[in-house]
$ cat run_17.cif   # mmCIF, C-alpha atoms
data_data
#
loop_
_atom_site.group_PDB
_atom_site.id
_atom_site.type_symbol
_atom_site.label_atom_id
_atom_site.label_comp_id
_atom_site.auth_asym_id
_atom_site.auth_seq_id
_atom_site.Cartn_x
_atom_site.Cartn_y
_atom_site.Cartn_z
ATOM 1 C CA MET A 240 -25.968 -8.170 7.901
ATOM 2 C CA LYS A 241 -23.984 -10.298 10.323
ATOM 3 C CA LEU A 242 -21.495 -9.351 13.001
ATOM 4 C CA GLY A 243 -18.127 -11.083 12.884
ATOM 5 C CA VAL A 244 -14.650 -10.957 14.400
ATOM 6 C CA PHE A 245 -11.176 -11.337 12.912
ATOM 7 C CA THR A 246 -10.019 -14.001 15.348
ATOM 8 C CA VAL A 247 -6.299 -13.164 15.411
ATOM 9 C CA LEU A 248 -6.887 -11.113 18.562
ATOM 10 C CA TYR A 249 -7.441 -14.430 20.385
ATOM 11 C CA GLN A 250 -4.581 -16.266 18.702
ATOM 12 C CA ASN A 251 -3.296 -17.446 22.088
ATOM 13 C CA LEU A 252 -6.529 -19.319 22.797
ATOM 14 C CA PRO A 253 -7.124 -22.849 21.505
ATOM 15 C CA PHE A 254 -9.415 -22.960 18.481
ATOM 16 C CA GLU A 255 -12.564 -24.277 20.164
ATOM 17 C CA VAL A 256 -12.069 -22.134 23.265
ATOM 18 C CA MET A 257 -11.912 -19.112 20.973
ATOM 19 C CA LEU A 258 -15.101 -20.204 19.207
ATOM 20 C CA ASP A 259 -16.939 -20.667 22.507
ATOM 21 C CA LYS A 260 -15.854 -17.249 23.697
ATOM 22 C CA LEU A 261 -17.020 -15.464 20.550
ATOM 23 C CA ALA A 262 -20.297 -17.383 20.387
ATOM 24 C CA ASP A 263 -20.995 -16.390 23.987
ATOM 25 C CA MET A 264 -20.325 -12.754 23.069
ATOM 26 C CA GLY A 265 -23.050 -12.889 20.426
ATOM 27 C CA VAL A 266 -20.838 -13.000 17.348
ATOM 28 C CA GLU A 267 -22.237 -14.666 14.207
ATOM 29 C CA ALA A 268 -19.154 -15.059 11.996
ATOM 30 C CA VAL A 269 -15.417 -15.597 12.219
ATOM 31 C CA GLU A 270 -12.699 -14.380 9.889
ATOM 32 C CA LEU A 271 -9.743 -16.730 10.118
ATOM 33 C CA GLY A 272 -6.066 -16.043 9.488
ATOM 34 C CA THR A 273 -4.318 -18.655 7.359
ATOM 35 C CA GLY A 274 -0.766 -17.348 7.595
ATOM 36 C CA ASN A 275 1.483 -14.467 6.535
ATOM 37 C CA TYR A 276 0.953 -11.396 8.745
ATOM 38 C CA PRO A 277 -2.181 -12.726 10.540
ATOM 39 C CA GLY A 278 -0.588 -16.087 11.396
ATOM 40 C CA ASN A 279 -2.432 -19.400 11.163
ATOM 41 C CA GLN A 280 -3.019 -20.362 14.804
ATOM 42 C CA HIS A 281 -6.693 -21.126 14.192
ATOM 43 C CA CYS A 282 -6.584 -22.233 10.565
ATOM 44 C CA ASN A 283 -3.498 -23.948 9.178
ATOM 45 C CA PRO A 284 -3.907 -24.728 5.461
ATOM 46 C CA ASP A 285 -1.214 -27.409 5.467
ATOM 47 C CA GLU A 286 -2.984 -29.370 8.184
ATOM 48 C CA LEU A 287 -6.502 -28.969 6.852
ATOM 49 C CA LEU A 288 -5.694 -29.643 3.206
ATOM 50 C CA SER A 289 -4.020 -32.889 4.166
ATOM 51 C CA SER A 290 -7.146 -34.490 5.624
ATOM 52 C CA PRO A 291 -10.838 -34.492 4.611
ATOM 53 C CA GLU A 292 -11.622 -35.662 8.151
ATOM 54 C CA LYS A 293 -9.916 -32.596 9.616
ATOM 55 C CA ILE A 294 -11.915 -30.406 7.249
ATOM 56 C CA ARG A 295 -15.188 -31.966 8.438
ATOM 57 C CA SER A 296 -14.219 -31.660 12.103
ATOM 58 C CA PHE A 297 -13.100 -28.058 11.598
ATOM 59 C CA LEU A 298 -16.359 -27.030 9.949
ATOM 60 C CA ASN A 299 -18.432 -28.894 12.519
ATOM 61 C CA ALA A 300 -16.714 -27.033 15.356
ATOM 62 C CA ILE A 301 -17.714 -23.738 13.755
ATOM 63 C CA GLU A 302 -21.205 -24.580 12.546
ATOM 64 C CA SER A 303 -22.251 -26.417 15.718
ATOM 65 C CA ARG A 304 -21.826 -23.120 17.573
ATOM 66 C CA GLY A 305 -24.071 -21.272 15.132
ATOM 67 C CA LEU A 306 -21.142 -19.531 13.466
ATOM 68 C CA MET A 307 -20.010 -19.133 9.861
ATOM 69 C CA ILE A 308 -16.676 -18.303 8.231
ATOM 70 C CA SER A 309 -16.865 -14.870 6.603
ATOM 71 C CA GLY A 310 -13.462 -15.087 4.949
ATOM 72 C CA LEU A 311 -9.971 -16.546 5.049
ATOM 73 C CA SER A 312 -7.250 -13.941 5.499
ATOM 74 C CA CYS A 313 -3.651 -14.221 4.345
ATOM 75 C CA HIS A 314 -2.529 -10.584 4.279
ATOM 76 C CA GLY A 315 1.027 -10.410 2.977
ATOM 77 C CA ASN A 316 3.203 -8.948 0.229
ATOM 78 C CA PRO A 317 3.480 -11.443 -2.633
ATOM 79 C CA LEU A 318 5.079 -8.675 -4.727
ATOM 80 C CA HIS A 319 7.995 -8.183 -2.355
ATOM 81 C CA PRO A 320 11.252 -7.589 -4.278
ATOM 82 C CA ASP A 321 13.025 -10.266 -2.232
ATOM 83 C CA LYS A 322 12.080 -13.334 -4.253
ATOM 84 C CA LYS A 323 12.137 -15.722 -1.298
ATOM 85 C CA VAL A 324 9.975 -13.435 0.816
ATOM 86 C CA ALA A 325 7.559 -12.987 -2.086
ATOM 87 C CA LYS A 326 7.374 -16.742 -2.672
ATOM 88 C CA ASP A 327 6.569 -17.420 0.975
ATOM 89 C CA PHE A 328 3.725 -14.904 0.885
ATOM 90 C CA HIS A 329 2.543 -16.215 -2.489
ATOM 91 C CA ASP A 330 2.541 -19.853 -1.402
ATOM 92 C CA VAL A 331 0.332 -19.055 1.592
ATOM 93 C CA TRP A 332 -2.027 -17.089 -0.672
ATOM 94 C CA ARG A 333 -2.413 -20.036 -3.062
ATOM 95 C CA LYS A 334 -2.924 -22.545 -0.255
ATOM 96 C CA THR A 335 -5.555 -20.208 1.194
ATOM 97 C CA VAL A 336 -7.437 -20.193 -2.113
ATOM 98 C CA LEU A 337 -7.359 -23.992 -2.212
ATOM 99 C CA LEU A 338 -8.572 -24.163 1.380
ATOM 100 C CA ALA A 339 -11.361 -21.667 0.730
ATOM 101 C CA GLU A 340 -12.510 -23.908 -2.099
ATOM 102 C CA ARG A 341 -12.572 -26.946 0.184
ATOM 103 C CA LEU A 342 -14.375 -25.067 2.966
ATOM 104 C CA SER A 343 -16.853 -23.365 0.564
ATOM 105 C CA VAL A 344 -15.761 -19.959 1.841
ATOM 106 C CA PRO A 345 -16.458 -17.372 -0.873
ATOM 107 C CA VAL A 346 -13.991 -14.658 0.190
ATOM 108 C CA VAL A 347 -10.207 -14.560 0.499
ATOM 109 C CA ASN A 348 -8.831 -11.401 2.123
ATOM 110 C CA GLY A 349 -5.374 -9.950 1.593
ATOM 111 C CA PHE A 350 -3.220 -7.039 0.506
ATOM 112 C CA SER A 351 -2.311 -6.062 -3.034
ATOM 113 C CA GLY A 352 1.373 -5.988 -2.105
ATOM 114 C CA CYS A 353 4.091 -3.558 -3.132
ATOM 115 C CA PRO A 354 7.176 -4.181 -5.297
ATOM 116 C CA GLY A 355 10.531 -2.458 -5.077
ATOM 117 C CA ASP A 356 11.488 0.386 -7.399
ATOM 118 C CA TYR A 357 13.307 -1.797 -9.946
ATOM 119 C CA GLU A 358 14.092 -5.414 -10.689
ATOM 120 C CA GLY A 359 16.692 -6.384 -8.107
ATOM 121 C CA ALA A 360 15.587 -3.990 -5.356
ATOM 122 C CA LYS A 361 15.836 -5.164 -1.744
ATOM 123 C CA ASN A 362 12.795 -3.520 -0.154
ATOM 124 C CA PRO A 363 9.313 -2.383 -1.221
ATOM 125 C CA ASN A 364 8.882 1.219 -2.325
ATOM 126 C CA TRP A 365 5.472 2.824 -1.809
ATOM 127 C CA VAL A 366 5.296 5.831 -4.123
ATOM 128 C CA THR A 367 3.152 8.711 -2.821
ATOM 129 C CA CYS A 368 3.886 11.558 -5.225
ATOM 130 C CA SER A 369 4.479 12.091 -8.939
ATOM 131 C CA TRP A 370 7.538 14.374 -8.822
ATOM 132 C CA PRO A 371 10.504 14.234 -9.188
ATOM 133 C CA ARG A 372 9.860 12.311 -12.375
ATOM 134 C CA GLU A 373 11.659 9.211 -11.135
ATOM 135 C CA TYR A 374 8.705 8.507 -8.844
ATOM 136 C CA ALA A 375 6.265 8.435 -11.764
ATOM 137 C CA ASP A 376 8.641 6.124 -13.647
ATOM 138 C CA VAL A 377 8.811 3.789 -10.628
ATOM 139 C CA LEU A 378 5.040 3.767 -10.293
ATOM 140 C CA ASN A 379 4.516 2.961 -13.963
ATOM 141 C CA TRP A 380 7.043 0.119 -13.779
ATOM 142 C CA GLN A 381 5.438 -1.299 -10.652
ATOM 143 C CA TRP A 382 1.945 -1.367 -12.098
ATOM 144 C CA ASN A 383 2.708 -2.448 -15.647
ATOM 145 C CA GLU A 384 5.533 -4.908 -15.062
ATOM 146 C CA VAL A 385 4.667 -6.393 -11.659
ATOM 147 C CA VAL A 386 1.288 -5.608 -10.118
ATOM 148 C CA ILE A 387 -1.088 -6.096 -13.043
ATOM 149 C CA PRO A 388 0.597 -9.226 -14.458
ATOM 150 C CA TYR A 389 0.685 -10.873 -11.032
ATOM 151 C CA TRP A 390 -2.923 -10.217 -10.116
ATOM 152 C CA LYS A 391 -4.244 -11.087 -13.588
ATOM 153 C CA GLU A 392 -2.717 -14.523 -13.143
ATOM 154 C CA GLU A 393 -3.902 -14.902 -9.547
ATOM 155 C CA ALA A 394 -7.419 -13.767 -10.378
ATOM 156 C CA LYS A 395 -7.538 -16.559 -12.967
ATOM 157 C CA PHE A 396 -6.176 -19.061 -10.447
ATOM 158 C CA ALA A 397 -8.767 -18.049 -7.860
ATOM 159 C CA LYS A 398 -11.626 -18.244 -10.348
ATOM 160 C CA LEU A 399 -10.450 -21.672 -11.463
ATOM 161 C CA HIS A 400 -10.962 -22.803 -7.874
ATOM 162 C CA GLY A 401 -14.349 -21.166 -7.428
ATOM 163 C CA ILE A 402 -13.173 -18.052 -5.592
ATOM 164 C CA ASN A 403 -14.884 -15.066 -7.165
ATOM 165 C CA GLN A 404 -14.163 -12.629 -4.356
ATOM 166 C CA ILE A 405 -10.551 -11.614 -3.769
ATOM 167 C CA ALA A 406 -10.992 -8.919 -1.132
ATOM 168 C CA LEU A 407 -7.974 -6.615 -0.997
ATOM 169 C CA GLU A 408 -7.644 -4.247 1.928
ATOM 170 C CA MET A 409 -6.943 -0.686 0.817
ATOM 171 C CA HIS A 410 -3.867 -0.134 2.954
ATOM 172 C CA PRO A 411 -1.195 2.559 2.670
ATOM 173 C CA GLY A 412 2.203 1.039 2.020
ATOM 174 C CA PHE A 413 0.776 -1.118 -0.767
ATOM 175 C CA VAL A 414 -0.153 -0.234 -4.342
ATOM 176 C CA VAL A 415 -3.877 -0.524 -3.602
ATOM 177 C CA TYR A 416 -4.602 1.978 -0.846
ATOM 178 C CA ASN A 417 -7.729 3.876 -1.946
ATOM 179 C CA PRO A 418 -10.793 3.385 -4.181
ATOM 180 C CA GLU A 419 -9.032 4.690 -7.286
ATOM 181 C CA THR A 420 -6.163 2.209 -7.066
ATOM 182 C CA LEU A 421 -8.510 -0.659 -6.207
ATOM 183 C CA LEU A 422 -10.688 0.057 -9.235
ATOM 184 C CA LYS A 423 -7.585 0.387 -11.430
ATOM 185 C CA LEU A 424 -6.443 -3.095 -10.453
ATOM 186 C CA ARG A 425 -9.973 -4.461 -10.847
ATOM 187 C CA GLU A 426 -10.184 -2.985 -14.355
ATOM 188 C CA HIS A 427 -6.990 -4.725 -15.433
ATOM 189 C CA ALA A 428 -7.119 -7.980 -13.461
ATOM 190 C CA GLY A 429 -10.810 -8.850 -13.386
ATOM 191 C CA GLU A 430 -14.059 -8.446 -11.505
ATOM 192 C CA ASN A 431 -13.172 -10.980 -8.840
ATOM 193 C CA ILE A 432 -10.835 -8.292 -7.476
ATOM 194 C CA GLY A 433 -12.676 -6.197 -4.893
ATOM 195 C CA ALA A 434 -12.356 -4.645 -1.454
ATOM 196 C CA ASN A 435 -12.064 -5.851 2.063
ATOM 197 C CA PHE A 436 -13.371 -2.440 3.061
ATOM 198 C CA ASP A 437 -11.592 -1.169 6.189
ATOM 199 C CA PRO A 438 -12.578 2.420 7.017
ATOM 200 C CA SER A 439 -9.778 2.812 9.558
ATOM 201 C CA HIS A 440 -7.184 3.150 6.789
ATOM 202 C CA LEU A 441 -9.360 5.570 4.853
ATOM 203 C CA PHE A 442 -10.150 7.905 7.751
ATOM 204 C CA TRP A 443 -6.565 8.998 8.271
ATOM 205 C CA GLN A 444 -5.964 9.558 4.568
ATOM 206 C CA GLY A 445 -8.803 12.076 4.542
ATOM 207 C CA ILE A 446 -11.141 9.783 2.592
ATOM 208 C CA ASP A 447 -14.839 9.852 3.423
ATOM 209 C CA PRO A 448 -15.728 6.165 3.892
ATOM 210 C CA VAL A 449 -19.386 6.744 3.048
ATOM 211 C CA GLU A 450 -18.480 8.197 -0.344
ATOM 212 C CA ALA A 451 -15.942 5.394 -0.854
ATOM 213 C CA ILE A 452 -18.656 2.819 -0.139
ATOM 214 C CA LYS A 453 -20.885 4.472 -2.731
ATOM 215 C CA ILE A 454 -18.300 4.461 -5.519
ATOM 216 C CA LEU A 455 -17.118 0.914 -4.848
ATOM 217 C CA GLY A 456 -20.634 -0.323 -4.176
ATOM 218 C CA ARG A 457 -21.866 0.911 -7.548
ATOM 219 C CA GLU A 458 -19.243 -1.366 -9.095
ATOM 220 C CA LYS A 459 -20.249 -4.285 -6.822
ATOM 221 C CA ALA A 460 -16.656 -4.231 -5.603
ATOM 222 C CA ILE A 461 -17.141 -4.593 -1.826
ATOM 223 C CA PHE A 462 -16.678 -8.229 -0.826
ATOM 224 C CA HIS A 463 -15.933 -8.002 2.906
ATOM 225 C CA PHE A 464 -15.862 -5.325 5.619
ATOM 226 C CA HIS A 465 -13.524 -4.683 8.546
ATOM 227 C CA ALA A 466 -15.041 -2.778 11.456
ATOM 228 C CA LYS A 467 -12.151 -0.772 12.866
ATOM 229 C CA ASP A 468 -12.021 2.873 13.883
ATOM 230 C CA THR A 469 -9.325 5.561 13.798
ATOM 231 C CA TYR A 470 -8.864 8.532 16.098
ATOM 232 C CA LEU A 471 -7.556 11.646 14.341
ATOM 233 C CA ASP A 472 -5.503 13.933 16.580
ATOM 234 C CA GLN A 473 -6.253 17.249 14.923
ATOM 235 C CA ALA A 474 -3.597 19.148 16.897
ATOM 236 C CA ASN A 475 -0.840 16.846 15.672
ATOM 237 C CA ILE A 476 -2.297 16.808 12.157
ATOM 238 C CA ARG A 477 -2.223 20.612 12.014
ATOM 239 C CA ILE A 478 1.489 20.482 12.784
ATOM 240 C CA ASN A 479 2.716 17.408 10.904
ATOM 241 C CA GLY A 480 -0.033 16.245 8.561
ATOM 242 C CA VAL A 481 -1.351 12.695 8.349
ATOM 243 C CA LEU A 482 1.722 10.780 7.154
ATOM 244 C CA ASP A 483 3.134 9.406 10.379
ATOM 245 C CA THR A 484 5.929 6.877 10.899
ATOM 246 C CA LYS A 485 6.095 7.055 14.684
ATOM 247 C CA PRO A 486 5.394 3.748 16.521
ATOM 248 C CA TYR A 487 1.704 2.986 17.069
ATOM 249 C CA GLY A 488 2.275 3.088 20.819
ATOM 250 C CA ASN A 489 3.164 6.807 20.782
ATOM 251 C CA ILE A 490 -0.482 7.831 20.789
ATOM 252 C CA LEU A 491 0.038 11.265 22.337
ATOM 253 C CA ASP A 492 2.460 12.233 19.562
ATOM 254 C CA ARG A 493 0.887 10.525 16.563
ATOM 255 C CA SER A 494 -1.452 12.163 14.055
ATOM 256 C CA TRP A 495 -3.793 9.180 14.163
ATOM 257 C CA SER A 496 -4.292 5.936 16.058
ATOM 258 C CA PHE A 497 -6.436 2.843 15.611
ATOM 259 C CA ARG A 498 -9.330 2.616 18.080
ATOM 260 C CA SER A 499 -12.273 0.378 18.878
ATOM 261 C CA VAL A 500 -15.503 1.165 17.053
ATOM 262 C CA GLY A 501 -17.006 4.358 18.473
ATOM 263 C CA TYR A 502 -13.789 5.664 20.012
ATOM 264 C CA GLY A 503 -12.481 7.311 16.854
ATOM 265 C CA HIS A 504 -15.731 8.512 15.325
ATOM 266 C CA ASP A 505 -19.204 8.812 16.749
ATOM 267 C CA GLU A 506 -22.151 6.528 16.183
ATOM 268 C CA LYS A 507 -23.568 8.694 13.387
ATOM 269 C CA ILE A 508 -20.804 7.949 10.891
ATOM 270 C CA TRP A 509 -21.043 4.211 11.634
ATOM 271 C CA LYS A 510 -24.796 4.409 11.023
ATOM 272 C CA ASP A 511 -24.093 6.260 7.780
ATOM 273 C CA MET A 512 -21.631 3.569 6.682
ATOM 274 C CA VAL A 513 -24.055 0.742 7.471
ATOM 275 C CA SER A 514 -26.815 2.601 5.626
ATOM 276 C CA ALA A 515 -24.536 3.149 2.616
ATOM 277 C CA LEU A 516 -23.605 -0.541 2.635
ATOM 278 C CA ARG A 517 -27.265 -1.506 2.583
ATOM 279 C CA ASN A 518 -27.944 1.058 -0.122
ATOM 280 C CA VAL A 519 -25.373 -0.549 -2.443
ATOM 281 C CA GLY A 520 -26.612 -4.064 -1.711
ATOM 282 C CA TYR A 521 -23.953 -5.277 0.727
ATOM 283 C CA ASP A 522 -25.644 -7.744 3.068
ATOM 284 C CA TYR A 523 -22.716 -9.744 4.384
ATOM 285 C CA VAL A 524 -20.458 -9.547 7.426
ATOM 286 C CA LEU A 525 -18.965 -6.658 9.371
ATOM 287 C CA SER A 526 -15.870 -8.269 10.849
ATOM 288 C CA ILE A 527 -14.433 -6.479 13.880
ATOM 289 C CA GLU A 528 -10.673 -6.019 13.784
ATOM 290 C CA HIS A 529 -9.570 -4.930 17.241
ATOM 291 C CA GLU A 530 -6.266 -3.002 17.362
ATOM 292 C CA ASP A 531 -6.748 -0.493 20.179
ATOM 293 C CA LYS A 532 -3.807 0.120 22.513
ATOM 294 C CA LEU A 533 -6.034 1.910 25.021
ATOM 295 C CA ALA A 534 -8.421 -1.006 25.516
ATOM 296 C CA SER A 535 -7.853 -4.601 26.560
ATOM 297 C CA ILE A 536 -8.763 -7.278 24.037
ATOM 298 C CA ASP A 537 -11.915 -8.342 25.888
ATOM 299 C CA GLU A 538 -13.118 -4.869 26.764
ATOM 300 C CA GLY A 539 -12.292 -3.297 23.409
ATOM 301 C CA LEU A 540 -14.005 -6.101 21.520
ATOM 302 C CA SER A 541 -17.030 -6.073 23.838
ATOM 303 C CA LYS A 542 -17.523 -2.338 23.310
ATOM 304 C CA ALA A 543 -17.246 -2.722 19.539
ATOM 305 C CA ILE A 544 -19.797 -5.553 19.561
ATOM 306 C CA LEU A 545 -22.178 -3.519 21.701
ATOM 307 C CA ALA A 546 -21.858 -0.473 19.458
ATOM 308 C CA LEU A 547 -22.411 -2.376 16.222
ATOM 309 C CA LYS A 548 -25.273 -4.520 17.485
ATOM 310 C CA GLY A 549 -27.346 -1.380 17.847
ATOM 311 C CA ILE A 550 -26.460 -0.193 14.351
ATOM 312 C CA LEU A 551 -26.665 -3.234 12.051
ATOM 313 C CA PHE A 552 -29.824 -3.923 10.082
ATOM 314 C CA LYS A 553 -30.936 -7.524 10.602
ATOM 315 C CA GLU A 554 -34.226 -7.803 8.743
ATOM 316 C CA GLN A 555 -34.854 -7.952 5.015
ATOM 317 C CA LEU A 556 -36.000 -4.813 3.275
ATOM 318 C CA THR A 557 -39.739 -4.416 2.722
ATOM 319 C CA GLU A 558 -41.702 -2.516 0.102
ATOM 320 C CA MET A 559 -42.131 1.225 0.642
ATOM 321 C CA TRP A 560 -45.540 1.201 2.299
ATOM 322 C CA TRP A 561 -45.603 5.008 2.486
ATOM 323 C CA ALA A 562 -45.214 5.727 -1.233
#
$ encode --input "run_17.cif" --output "structure tokens"
Amino acid sequence: MKLGVFTVLYQNLPFEVMLDKLADMGVEAVELGTGNYPGNQHCNPDELLSSPEKIRSFLNAIESRGLMISGLSCHGNPLHPDKKVAKDFHDVWRKTVLLAERLSVPVVNGFSGCPGDYEGAKNPNWVTCSWPREYADVLNWQWNEVVIPYWKEEAKFAKLHGINQIALEMHPGFVVYNPETLLKLREHAGENIGANFDPSHLFWQGIDPVEAIKILGREKAIFHFHAKDTYLDQANIRINGVLDTKPYGNILDRSWSFRSVGYGHDEKIWKDMVSALRNVGYDYVLSIEHEDKLASIDEGLSKAILALKGILFKEQLTEMWWA
């Protein structure tokens, strides 16, 4: 396994300065944003696709520092009911696939997206319950008329360009938010649909990430991994439950908050996750996504790197010499 970083946390640093900084911190891989929510400060598809020379220079800057690209990330909502908004997200997604092909990057990360509740809606509608009956009707329309047709077509497009790993982050607010919904989309759209497995979004839903790794891993549906933690404020949960729309900065009042690795859950569960990943054959990158309001970028990232370096398995498995 390799340790990586989602580089958007250093989006204000020039590309090569960012690479030097991460290489000095002992990172082995970079996950690069190509637009949409992550921005494209370090990896602009329009610029790179326009010039083979820029592609070569870009790759040389990364590889000369002993780094690799774990994935290109274009998280957005290509199913947005506003057609212009959806097209903007979609165009970035397609350019990212084309760039991944040119860079020989096997994984493209993103979100499944979320439509509105009918054709002509203005905003997305994330359905979370089955009653009143209108909610079930909305959900069926979203999946059958929008979600499945879109991703069937995009899975074909990605495969046509050599991308066999579309890694969707299971994120509340979008139609794929847990293992069940990910596997549903995979069943209908194809086996190049899988997970960018981020435990932080599972923790607060009450999902055991170790069990989620097992069920997705059995299907060979984990393509990428985000290392991000979540603190669960049990006092606030006992009062208001886990659905929380208060701003992320209101940590004292929220039911949960994103934290650096080790500050939401102890080392044991991270060891269990890494062990489960190895058990299902995942031997790729754990990419740190740092979104901790209580830690600076440098300090929060440094602590996450330190914690994970002591947990990751680096050597190949050997035969069981004891049995």
$ axis_aligned_box --input "run_17.cif" --around "region 407-424 of chain A" --padding-each-side "5 Å" --output "JSON"
{"center_x": -4.3, "center_y": -1.0, "center_z": -4.2, "size_x": 23.0, "size_y": 21.3, "size_z": 24.4}
$ closest_residue --input "run_17.cif" --among "A:Lys326, A:Lys459, A:Arg304, A:Lys334" --to "Val266 (chain A)" --atoms "all atoms listed in the file"
A:Arg304
$ resolve_selection --input "run_17.cif" --expression "the PyMOL selection byres ((chain A and resi 439) around 8)" --output "count of residues only"
11
$ resolve_selection --input "run_17.cif" --expression "the PyMOL selection byres ((chain A and resi 556) around 12)" --output "list in words"
Met240, Arg517, Asn518, Gly520, Asp522, Phe552, Lys553, Glu554, Gln555, Thr557, Glu558, Met559 and Trp560 of chain A
$ residues_near_point --input "run_17.cif" --point "(0.8, -15.6, 6.4)" --cutoff "8 Å" --atoms "only C-alpha atoms" --output "JSON, numbers by chain"
{"A": [272, 273, 274, 275, 276, 277, 278, 279, 313, 314, 315, 328, 331, 332]}
$ write_last_selection --input "run_17.cif" --atoms "C-alpha atoms" --output "PDB file, in the frame of the given file"
ATOM      1  CA  GLY A 272      -6.066 -16.043   9.488  1.00  0.00           C
ATOM      2  CA  THR A 273      -4.318 -18.655   7.359  1.00  0.00           C
ATOM      3  CA  GLY A 274      -0.766 -17.348   7.595  1.00  0.00           C
ATOM      4  CA  ASN A 275       1.483 -14.467   6.535  1.00  0.00           C
ATOM      5  CA  TYR A 276       0.953 -11.396   8.745  1.00  0.00           C
ATOM      6  CA  PRO A 277      -2.181 -12.726  10.540  1.00  0.00           C
ATOM      7  CA  GLY A 278      -0.588 -16.087  11.396  1.00  0.00           C
ATOM      8  CA  ASN A 279      -2.432 -19.400  11.163  1.00  0.00           C
ATOM      9  CA  CYS A 313      -3.651 -14.221   4.345  1.00  0.00           C
ATOM     10  CA  HIS A 314      -2.529 -10.584   4.279  1.00  0.00           C
ATOM     11  CA  GLY A 315       1.027 -10.410   2.977  1.00  0.00           C
ATOM     12  CA  PHE A 328       3.725 -14.904   0.885  1.00  0.00           C
ATOM     13  CA  VAL A 331       0.332 -19.055   1.592  1.00  0.00           C
ATOM     14  CA  TRP A 332      -2.027 -17.089  -0.672  1.00  0.00           C
TER      15      TRP A 332
END
$ residues_around --input "run_17.cif" --residues "Leu547 (chain A)" --least-positions-apart "4" --cutoff "12 Å" --atoms "all atoms listed in the file" --output "PDB file with C-alpha atoms, keeping the file's coordinate frame"
ATOM      1  CA  MET A 240     -25.968  -8.170   7.901  1.00  0.00           C
ATOM      2  CA  LYS A 241     -23.984 -10.298  10.323  1.00  0.00           C
ATOM      3  CA  LEU A 242     -21.495  -9.351  13.001  1.00  0.00           C
ATOM      4  CA  GLY A 243     -18.127 -11.083  12.884  1.00  0.00           C
ATOM      5  CA  VAL A 244     -14.650 -10.957  14.400  1.00  0.00           C
ATOM      6  CA  GLY A 265     -23.050 -12.889  20.426  1.00  0.00           C
ATOM      7  CA  VAL A 266     -20.838 -13.000  17.348  1.00  0.00           C
ATOM      8  CA  HIS A 465     -13.524  -4.683   8.546  1.00  0.00           C
ATOM      9  CA  ALA A 466     -15.041  -2.778  11.456  1.00  0.00           C
ATOM     10  CA  LYS A 467     -12.151  -0.772  12.866  1.00  0.00           C
ATOM     11  CA  ASP A 468     -12.021   2.873  13.883  1.00  0.00           C
ATOM     12  CA  SER A 499     -12.273   0.378  18.878  1.00  0.00           C
ATOM     13  CA  VAL A 500     -15.503   1.165  17.053  1.00  0.00           C
ATOM     14  CA  GLY A 501     -17.006   4.358  18.473  1.00  0.00           C
ATOM     15  CA  ASP A 505     -19.204   8.812  16.749  1.00  0.00           C
ATOM     16  CA  GLU A 506     -22.151   6.528  16.183  1.00  0.00           C
ATOM     17  CA  LYS A 507     -23.568   8.694  13.387  1.00  0.00           C
ATOM     18  CA  ILE A 508     -20.804   7.949  10.891  1.00  0.00           C
ATOM     19  CA  TRP A 509     -21.043   4.211  11.634  1.00  0.00           C
ATOM     20  CA  LYS A 510     -24.796   4.409  11.023  1.00  0.00           C
ATOM     21  CA  MET A 512     -21.631   3.569   6.682  1.00  0.00           C
ATOM     22  CA  VAL A 513     -24.055   0.742   7.471  1.00  0.00           C
ATOM     23  CA  VAL A 524     -20.458  -9.547   7.426  1.00  0.00           C
ATOM     24  CA  LEU A 525     -18.965  -6.658   9.371  1.00  0.00           C
ATOM     25  CA  SER A 526     -15.870  -8.269  10.849  1.00  0.00           C
ATOM     26  CA  ILE A 527     -14.433  -6.479  13.880  1.00  0.00           C
ATOM     27  CA  LEU A 540     -14.005  -6.101  21.520  1.00  0.00           C
ATOM     28  CA  SER A 541     -17.030  -6.073  23.838  1.00  0.00           C
ATOM     29  CA  LYS A 542     -17.523  -2.338  23.310  1.00  0.00           C
ATOM     30  CA  ALA A 543     -17.246  -2.722  19.539  1.00  0.00           C
ATOM     31  CA  LEU A 551     -26.665  -3.234  12.051  1.00  0.00           C
ATOM     32  CA  PHE A 552     -29.824  -3.923  10.082  1.00  0.00           C
ATOM     33  CA  LYS A 553     -30.936  -7.524  10.602  1.00  0.00           C
TER      34      LYS A 553
END
$ residues_around --input "run_17.cif" --residues "Met264 (chain A)" --least-positions-apart "5" --cutoff "10 Å" --atoms "only C-alpha atoms" --output "list in words"
Leu258, Asp259, Asp537, Leu540, Ser541, Ile544 and Leu545 of chain A
$ atom_distance --input "run_17.cif" --atom1 "CA of Asn362 (chain A)" --atom2 "CA of Pro320 (chain A)"
6.0 Å
$ decode --input "run_17.cif" --residues "region 315-330 of chain A" --atoms "C-alpha atoms" --output "CSV table (one decimal), in the first residue's frame"
chain,number,residue,atom,x,y,z
A,315,GLY,CA,-19.4,17.3,-9.1
A,316,ASN,CA,-23.1,16.7,-9.9
A,317,PRO,CA,-23.5,15.9,-13.6
A,318,LEU,CA,-27.1,14.9,-12.8
A,319,HIS,CA,-28.1,18.4,-11.6
A,320,PRO,CA,-31.6,19.4,-12.7
A,321,ASP,CA,-30.3,22.7,-14.0
A,322,LYS,CA,-29.1,21.7,-17.5
A,323,LYS,CA,-26.3,24.2,-17.7
A,324,VAL,CA,-24.9,23.3,-14.3
A,325,ALA,CA,-25.1,19.6,-15.2
A,326,LYS,CA,-23.4,20.2,-18.5
A,327,ASP,CA,-20.5,22.1,-16.9
A,328,PHE,CA,-20.0,19.2,-14.4
A,329,HIS,CA,-20.3,16.6,-17.2
A,330,ASP,CA,-17.9,18.3,-19.5
